[in-house]
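*Asks:* File protein_3.tsv below, TSV, C-alpha atoms and all ligand atoms:
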chain	number	residue	atom	x	y	z
A	1	MET	CA	4.26	11.99	18.33
A	2	PRO	CA	2.98	9.00	16.34
A	3	PRO	CA	2.08	6.00	18.51
A	4	ARG	CA	4.87	3.47	18.75
A	5	PRO	CA	4.02	0.17	17.07
A	6	SER	CA	3.39	-2.51	19.65
A	7	LEU	CA	5.95	-4.72	17.88
A	8	PRO	CA	9.22	-3.62	16.24
A	9	PRO	CA	8.89	-3.37	12.46
A	10	PRO	CA	10.62	-6.15	10.52
A	11	ALA	CA	11.90	-5.96	6.96
A	12	VAL	CA	9.73	-7.83	4.46
A	13	HIS	CA	11.44	-10.33	2.19
A	14	LEU	CA	9.45	-11.51	-0.84
A	15	VAL	CA	10.65	-14.30	-3.13
A	16	VAL	CA	8.57	-15.35	-6.14
A	17	ASP	CA	10.21	-17.98	-8.28
A	18	ARG	CA	7.29	-17.69	-10.71
A	19	LEU	CA	3.65	-16.67	-10.96
A	20	ASP	CA	1.64	-17.62	-14.04
A	21	TYR	CA	-1.82	-16.63	-15.19
A	22	GLY	CA	-2.41	-19.14	-17.98
A	23	ALA	CA	0.34	-18.62	-20.55
A	24	THR	CA	1.34	-15.28	-19.04
A	25	ARG	CA	4.29	-15.31	-16.61
A	26	LEU	CA	3.74	-12.25	-14.41
A	27	PHE	CA	6.75	-12.78	-12.13
A	28	SER	CA	9.89	-14.87	-12.47
A	29	ASP	CA	12.90	-15.03	-10.14
A	30	LEU	CA	11.73	-12.03	-8.17
A	31	ASP	CA	13.58	-11.39	-4.91
A	32	MET	CA	12.73	-8.13	-3.15
A	33	THR	CA	13.38	-6.79	0.33
A	34	PHE	CA	11.40	-3.92	1.78
A	35	PRO	CA	13.63	-2.46	4.51
A	36	ALA	CA	12.47	-2.26	8.11
A	37	GLY	CA	10.98	1.02	9.23
A	38	GLN	CA	10.94	2.56	5.76
A	39	TRP	CA	8.29	3.43	3.19
A	40	THR	CA	8.80	1.81	-0.22
A	41	CYS	CA	6.57	3.31	-2.92
A	42	ILE	CA	5.89	1.24	-6.05
A	43	LEU	CA	4.72	2.70	-9.34
A	44	GLY	CA	4.21	1.04	-12.70
A	45	PRO	CA	1.89	0.67	-15.67
A	46	SER	CA	-1.64	-0.57	-15.13
A	47	GLY	CA	-1.63	-4.37	-15.20
A	48	VAL	CA	2.10	-4.78	-14.59
A	49	GLY	CA	1.48	-6.60	-11.30
A	50	LYS	CA	1.65	-4.05	-8.46
A	51	SER	CA	-1.48	-5.25	-6.64
A	52	THR	CA	-0.46	-8.85	-7.15
A	53	LEU	CA	2.97	-8.12	-5.68
A	54	LEU	CA	1.32	-6.62	-2.62
A	55	ARG	CA	-0.99	-9.63	-2.28
A	56	LEU	CA	2.01	-11.93	-2.48
A	57	ALA	CA	3.74	-9.94	0.27
A	58	ALA	CA	0.57	-10.36	2.37
A	59	GLY	CA	0.47	-14.10	1.65
A	60	LEU	CA	-2.97	-13.74	0.04
A	61	ASP	CA	-4.30	-15.90	-2.76
A	62	THR	CA	-3.55	-14.39	-6.17
A	63	GLY	CA	-5.59	-16.82	-8.26
A	64	GLY	CA	-2.43	-17.65	-10.25
A	65	VAL	CA	-0.12	-20.66	-10.36
A	66	LEU	CA	2.85	-20.12	-8.08
A	67	GLY	CA	6.27	-21.72	-8.14
A	68	PRO	CA	7.05	-23.79	-5.02
A	69	GLY	CA	9.75	-21.42	-3.77
A	70	THR	CA	7.36	-18.48	-3.42
A	71	ARG	CA	7.36	-17.02	0.08
A	72	ALA	CA	6.97	-13.79	2.02
A	73	ASN	CA	8.63	-13.53	5.42
A	74	ALA	CA	10.14	-11.07	7.80
A	75	GLY	CA	13.77	-10.29	6.99
A	76	ASP	CA	14.93	-12.81	9.60
A	77	GLY	CA	12.90	-15.57	7.95
A	78	THR	CA	10.10	-15.67	10.53
A	79	PRO	CA	6.46	-15.53	9.40
A	80	LEU	CA	4.75	-12.16	9.10
A	81	THR	CA	1.51	-13.56	10.49
A	82	GLY	CA	-0.21	-11.09	12.80
A	83	ARG	CA	2.36	-8.37	12.08
A	84	PHE	CA	0.91	-6.77	8.95
A	85	VAL	CA	-2.22	-5.13	7.64
A	86	HIS	CA	-3.18	-5.13	3.96
A	87	MET	CA	-5.35	-2.39	2.49
A	88	GLY	CA	-6.53	-3.50	-0.94
A	89	GLN	CA	-7.93	-1.39	-3.77
A	90	SER	CA	-11.51	-2.17	-2.77
A	91	ASP	CA	-12.59	-0.54	0.50
A	92	ALA	CA	-14.10	-3.86	1.68
A	93	LEU	CA	-16.52	-2.09	4.03
A	94	MET	CA	-19.34	-4.16	5.52
A	95	PRO	CA	-22.57	-2.44	4.36
A	96	TRP	CA	-24.52	-3.46	7.46
A	97	LEU	CA	-21.99	-1.97	9.91
A	98	SER	CA	-21.59	1.67	10.85
A	99	VAL	CA	-18.44	3.58	9.89
A	100	LEU	CA	-17.05	3.20	13.42
A	101	ASP	CA	-17.80	-0.50	13.57
A	102	ASN	CA	-16.16	-0.97	10.17
A	103	VAL	CA	-13.05	0.80	11.43
A	104	LEU	CA	-12.99	-1.44	14.51
A	105	ILE	CA	-13.88	-4.66	12.72
A	106	GLY	CA	-10.49	-6.30	13.32
A	107	TYR	CA	-10.76	-5.73	17.06
A	108	ARG	CA	-14.42	-6.85	17.06
A	109	LEU	CA	-13.47	-10.10	15.32
A	110	ARG	CA	-10.59	-10.67	17.72
A	111	GLY	CA	-12.95	-10.44	20.67
A	112	GLY	CA	-13.21	-6.88	21.92
A	113	VAL	CA	-12.55	-3.19	21.45
A	114	PRO	CA	-10.50	-1.52	24.20
A	115	ALA	CA	-11.86	1.91	25.16
A	116	ALA	CA	-8.57	3.57	24.15
A	117	ILE	CA	-8.80	2.04	20.66
A	118	ARG	CA	-12.37	3.25	20.26
A	119	ALA	CA	-11.31	6.76	21.28
A	120	ARG	CA	-8.38	6.60	18.88
A	121	ALA	CA	-10.66	5.46	16.05
A	122	LEU	CA	-12.97	8.42	16.65
A	123	ALA	CA	-10.01	10.83	16.76
A	124	LEU	CA	-8.65	9.42	13.49
A	125	LEU	CA	-12.05	9.62	11.80
A	126	SER	CA	-12.08	13.26	12.79
A	127	GLU	CA	-8.55	13.81	11.43
A	128	ALA	CA	-9.68	12.15	8.20
A	129	GLY	CA	-12.52	14.66	7.88
A	130	LEU	CA	-15.20	12.21	8.94
A	131	ALA	CA	-16.21	13.70	12.27
A	132	GLY	CA	-19.94	13.20	12.66
A	133	ARG	CA	-19.98	10.23	10.25
A	134	ALA	CA	-19.10	7.52	12.78
A	135	GLY	CA	-22.69	6.27	12.92
A	136	ALA	CA	-23.34	6.41	9.17
A	137	ARG	CA	-23.64	3.32	6.97
A	138	PRO	CA	-21.10	3.02	4.10
A	139	ALA	CA	-23.87	3.38	1.48
A	140	ALA	CA	-24.44	6.96	2.68
A	141	LEU	CA	-20.82	7.94	1.92
A	142	SER	CA	-19.08	9.07	-1.25
A	143	GLY	CA	-16.32	6.90	-2.77
A	144	GLY	CA	-13.63	9.17	-1.34
A	145	MET	CA	-15.22	9.05	2.11
A	146	ARG	CA	-15.37	5.26	1.98
A	147	GLN	CA	-11.70	5.16	1.06
A	148	ARG	CA	-10.91	7.38	4.04
A	149	VAL	CA	-12.81	4.97	6.30
A	150	ALA	CA	-10.73	2.09	4.92
A	151	LEU	CA	-7.56	4.11	5.56
A	152	VAL	CA	-8.59	4.81	9.16
A	153	ARG	CA	-9.36	1.09	9.62
A	154	THR	CA	-5.81	0.36	8.40
A	155	LEU	CA	-4.24	2.96	10.71
A	156	VAL	CA	-6.21	1.80	13.76
A	157	GLU	CA	-4.86	-1.73	13.30
A	158	ASP	CA	-1.46	-0.53	14.58
A	159	ARG	CA	0.64	-3.16	12.76
A	160	PRO	CA	4.40	-2.85	12.24
A	161	VAL	CA	4.03	-3.74	8.53
A	162	VAL	CA	1.51	-1.89	6.38
A	163	LEU	CA	0.77	-2.87	2.77
A	164	MET	CA	-1.39	-0.30	0.97
A	165	ASP	CA	-2.72	-0.44	-2.58
A	166	GLU	CA	-3.57	3.02	-3.93
A	167	PRO	CA	-5.01	4.17	-0.60
A	168	PHE	CA	-5.55	7.76	-1.75
A	169	SER	CA	-6.69	7.20	-5.34
A	170	ALA	CA	-10.32	8.33	-4.84
A	171	LEU	CA	-9.42	11.56	-3.02
A	172	ASP	CA	-9.34	15.11	-4.35
A	173	PRO	CA	-5.79	16.51	-4.49
A	174	PRO	CA	-5.88	18.63	-1.28
A	175	THR	CA	-7.43	15.78	0.73
A	176	ARG	CA	-4.93	13.40	-0.83
A	177	LEU	CA	-2.09	15.62	0.33
A	178	ARG	CA	-3.51	15.95	3.84
A	179	LEU	CA	-4.17	12.23	4.30
A	180	GLY	CA	-0.78	11.33	2.86
A	181	ASP	CA	0.77	13.55	5.53
A	182	LEU	CA	-1.44	11.99	8.20
A	183	ALA	CA	-0.46	8.45	7.17
A	184	ALA	CA	3.23	9.40	7.00
A	185	ARG	CA	3.05	10.84	10.50
A	186	LEU	CA	1.12	7.93	12.01
A	187	LEU	CA	3.10	5.24	10.24
A	188	ALA	CA	6.56	6.73	10.80
A	189	GLY	CA	8.94	3.95	11.80
A	190	ARG	CA	6.79	1.17	10.30
A	191	THR	CA	7.65	-0.91	7.28
A	192	VAL	CA	5.29	0.38	4.62
A	193	VAL	CA	4.81	-0.71	1.01
A	194	LEU	CA	2.61	1.73	-0.89
A	195	VAL	CA	1.37	1.17	-4.43
A	196	THR	CA	0.47	4.40	-6.19
A	197	HIS	CA	0.02	5.83	-9.69
A	198	ASP	CA	1.11	9.27	-8.51
A	199	PRO	CA	4.86	10.06	-8.87
A	200	MET	CA	4.51	13.17	-6.68
A	201	GLU	CA	2.91	11.13	-3.91
A	202	ALA	CA	5.63	8.49	-4.14
A	203	LEU	CA	8.39	11.12	-3.96
A	204	ARG	CA	6.71	12.89	-1.06
A	205	LEU	CA	6.07	9.80	1.03
A	206	GLY	CA	8.73	7.25	0.09
A	207	HIS	CA	12.15	6.64	1.56
A	208	ARG	CA	12.51	4.49	-1.53
A	209	VAL	CA	10.67	4.80	-4.83
A	210	LEU	CA	10.77	2.26	-7.64
A	211	VAL	CA	9.01	1.49	-10.90
A	212	LEU	CA	7.84	-2.04	-11.63
A	213	GLY	CA	8.04	-2.78	-15.35
A	214	GLY	CA	8.31	-5.45	-18.02
A	215	ARG	CA	6.95	-8.96	-18.34
A	216	PRO	CA	7.86	-10.82	-16.25
A	217	ALA	CA	7.74	-7.74	-14.04
A	218	ARG	CA	10.91	-6.49	-12.36
A	219	PRO	CA	11.72	-3.57	-10.07
A	220	GLY	CA	13.78	-0.78	-11.59
A	221	ALA	CA	16.52	1.24	-9.89
A	222	VAL	CA	15.55	2.65	-6.50
A	223	ILE	CA	15.25	6.43	-6.03
A	224	GLU	CA	15.93	7.63	-2.49
A	225	PRO	CA	14.80	11.25	-2.13
A	226	ALA	CA	16.65	13.21	0.56
A	227	GLY	CA	14.89	14.36	3.72
A	228	ALA	CA	12.31	12.75	5.95
A	229	PRO	CA	8.81	12.05	4.60
A	230	PRO	CA	6.32	13.57	4.28
A	231	ARG	CA	8.10	16.07	2.04
A	232	PRO	CA	6.25	19.10	0.74
A	233	PRO	CA	5.50	19.01	-3.00
A	234	THR	CA	8.04	21.82	-3.42
A	235	ALA	CA	10.90	19.95	-1.68
A	236	GLY	CA	14.06	19.99	-3.75
A	237	ASP	CA	14.34	16.24	-4.15
A	238	VAL	CA	10.65	15.88	-5.02
A	239	THR	CA	10.88	18.29	-7.92
A	240	ARG	CA	14.38	17.10	-8.85
A	241	HIS	CA	13.34	13.45	-9.29
A	242	TYR	CA	9.87	14.09	-10.69
A	243	ALA	CA	10.75	14.35	-14.38
A	244	ALA	CA	13.09	11.35	-14.27
A	245	LEU	CA	10.44	9.26	-12.53
A	246	LEU	CA	7.80	10.24	-15.10
A	247	THR	CA	10.23	9.28	-17.86
A	248	ARG	CA	10.84	5.87	-16.26
A	249	LEU	CA	7.10	5.35	-15.96
A	250	ALA	CA	6.53	6.33	-19.58
A	251	GLU	CA	9.25	3.88	-20.67
A	252	ALA	CA	7.62	1.11	-18.63
A	253	VAL	CA	4.22	1.90	-20.18
A	254	ASP	CA	5.73	1.91	-23.69
A	255	SER	CA	7.38	-1.47	-23.13
A	256	GLU	CA	3.99	-2.91	-22.03
A	257	GLU	CA	2.20	-1.55	-25.09
A	258	ASP	CA	4.89	-2.30	-27.62
A	259	PRO	CA	6.86	-5.33	-26.47
A	260	ALA	CA	10.14	-6.03	-28.20
A	261	PRO	CA	9.83	-8.73	-30.90
B	301	LIG	N1	-7.02	-13.79	-10.65
B	301	LIG	C1	-6.48	-13.45	-11.83
B	301	LIG	N2	-6.67	-14.20	-12.93
B	301	LIG	C2	-6.10	-13.88	-14.10
B	301	LIG	N3	-5.32	-12.80	-14.30
B	301	LIG	C3	-5.10	-12.01	-13.25
B	301	LIG	C4	-5.66	-12.28	-11.96
B	301	LIG	N4	-5.25	-11.32	-11.10
B	301	LIG	C5	-4.48	-10.48	-11.83
B	301	LIG	N5	-4.39	-10.89	-13.11
B	301	LIG	C6	-3.64	-10.25	-14.18
B	301	LIG	O1	-2.35	-9.98	-13.70
B	301	LIG	C7	-1.90	-8.71	-14.18
B	301	LIG	C8	-1.47	-7.86	-13.03
B	301	LIG	O2	-2.62	-7.45	-12.27
B	301	LIG	P1	-2.49	-6.41	-11.08
B	301	LIG	O3	-3.86	-6.15	-10.58
B	301	LIG	O4	-1.48	-6.90	-10.15
B	301	LIG	O5	-1.92	-5.14	-11.85
B	301	LIG	P2	-1.64	-3.66	-11.31
B	301	LIG	O6	-0.27	-3.31	-11.74
B	301	LIG	O7	-1.95	-3.57	-9.86
B	301	LIG	O8	-2.70	-2.83	-12.15
B	301	LIG	P3	-3.51	-1.48	-11.79
B	301	LIG	O9	-2.49	-0.38	-11.73
B	301	LIG	O10	-4.43	-1.31	-12.97
B	301	LIG	O11	-4.23	-1.70	-10.50
B	301	LIG	C9	-3.03	-8.13	-15.00
B	301	LIG	O12	-2.79	-8.39	-16.37
B	301	LIG	C10	-4.23	-8.89	-14.54
B	301	LIG	O13	-5.19	-9.02	-15.55
Spell out the structure here as structure tokens.
Ligand SMILES: Nc1ncnc2c1ncn2[C@@H]1O[C@H](COP(=O)(O)OP(=O)(O)OP(=O)(O)O)[C@@H](O)[C@H]1O
*Replies:*
Amino acid sequence: MPPRPSLPPPAVHLVVDRLDYGATRLFSDLDMTFPAGQWTCILGPSGVGKSTLLRLAAGLDTGGVLGPGTRANAGDGTPLTGRFVHMGQSDALMPWLSVLDNVLIGYRLRGGVPAAIRARALALLSEAGLAGRAGARPAALSGGMRQRVALVRTLVEDRPVVLMDEPFSALDPPTRLRLGDLAARLLAGRTVVLVTHDPMEALRLGHRVLVLGGRPARPGAVIEPAGAPPRPPTAGDVTRHYAALLTRLAEAVDSEEDPAP
């Protein structure tokens, strides 16, 4: 059984009246809700704004000029502070800390690491194929190993809302499959927003799958594959939606490269 989150998962409500980078308006009149306890997987062309959307949901600085109505809250309007964890594209590992201390850095900064959390971190490192690496420094690891450490750090945080930006991108396909299953199992019942470039991964892991496209960027129609995640790659609804999702992605890429006059 996955551990129960210490707090019930809220929905995430993101409103962006506008976000500009110079003359480019990345978002305008965006209003999205990520339902409580579900995985929403977001795909879209490179540069469309997926990482920025995730940063906005996390309340992080985007470096852009925001409209005054921009806000990210729980579905009931309360702040998300302390209830989410954000895993960005960079692994953000501290080079001077060991793998285990990197995984536990949130607890260390908050004043202490309970013995049960330390044991859980070690168990998760083992499940992520990093048994025996707990004492290593990040520089001694491959890119895929470092990404797995960042994933374990995210999982150990035990937050009801999890925002992940391409968490499996540096992994070989079998490891990617295995760690996707691990994350789905451990994060069942949480509110998860996952950015990925992999339609198969989105259809395997998502309760809801959508493509972000256009400029300003907008979410397309939501696909809701049947069955509980993680679905095997051969699941009927994974294969059934795969071609349509690829087509939607290709259309979104085409519209980026060849905007209408
Ligand atoms: N701090 C910034 N200053 C200027 N432009 C920015 C900044 N951050 C993002 N952008 C621009 O905003 C757009 C969206 O970036 P973002 O990283 O969100 O895209 P993405 O969809 O996540 O791309 P990828 O799939 O390649 O990771 C890009 O054109 C990017 O160049």
*Asks:* Taking all atoms of segment 177-183 of chain A that the file lists and extending 5 Å past them on each side, where is the centre of the axis-aligned box and how long are its edges? Answer in Å to one decimal, as AutoDock Vina command-line options.
*Replies:*
--center_x -1.7 --center_y 12.2 --center_z 4.3 --size_x 14.9 --size_y 17.5 --size_z 17.9
*Asks:* Once you count all atoms listed in the file, what closest atom pair and distance in Å to one decimal does each residue of segment 122-183 of chain A within 12 Å of segment 24-39 of chain A have, with rows by chain and rising residue number, as CSV?
*Replies:*
residue,atom,partner,partner_atom,distance
A:Arg159,CA,A:Gly37,CA,11.7
A:Pro160,CA,A:Gly37,CA,8.2
A:Val161,CA,A:Gly37,CA,8.5
A:Val162,CA,A:Trp39,CA,9.2
A:Leu163,CA,A:Trp39,CA,9.8
A:Met164,CA,A:Trp39,CA,10.6
A:Ala183,CA,A:Trp39,CA,10.8
*Asks:* Please, what distance in Å, to one decimal, runs between atom O6 of ligand LIG 301 (chain B) and atom CA of Val238 of chain A?
*Replies:*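 One can read the atom O6 of ligand LIG 301 (chain B) to atom CA of Val238 of chain A distance as 23.1 Å.
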*Asks:* If you count only C-alpha atoms and all ligand atoms, which residues end up within 8 Å of ligand LIG 301 (chain B), as a PyMOL selection string?
*Replies:* chain A and resi 21-22+26+44-53+62-64+89+165+195-197
*Asks:* Need to verify the contact set: Arg148 of chain A, 10 Å, all atoms listed in the file, exclusion of same-chain residues closer than 5 positions in sequence. Can you return it as a ChimeraX atom specification?
*Replies:* /A:91,124-125,128-130,142-143,153-154,167-168,170-171,175-176,179
*Asks:* Just checking: using all atoms listed in the file, which residue out of A:Tyr242, A:Glu251, A:Gly112, A:Gly206 ends up closest to Gly227 of chain A?
*Replies:* A:Gly206
*Asks:* Applying 12 Å and only C-alpha atoms, which residues near Leu205 of chain A remain after dropping the ones on its own chain fewer than 3 positions away? List them as JSON, numbers by chain.
*Replies:* {"A": [38, 39, 40, 41, 42, 176, 177, 178, 179, 180, 181, 182, 183, 184, 185, 187, 188, 192, 193, 194, 195, 196, 198, 199, 200, 201, 202, 208, 209, 224, 225, 226, 227, 228, 229, 230, 231, 232, 233, 235, 237, 238]}
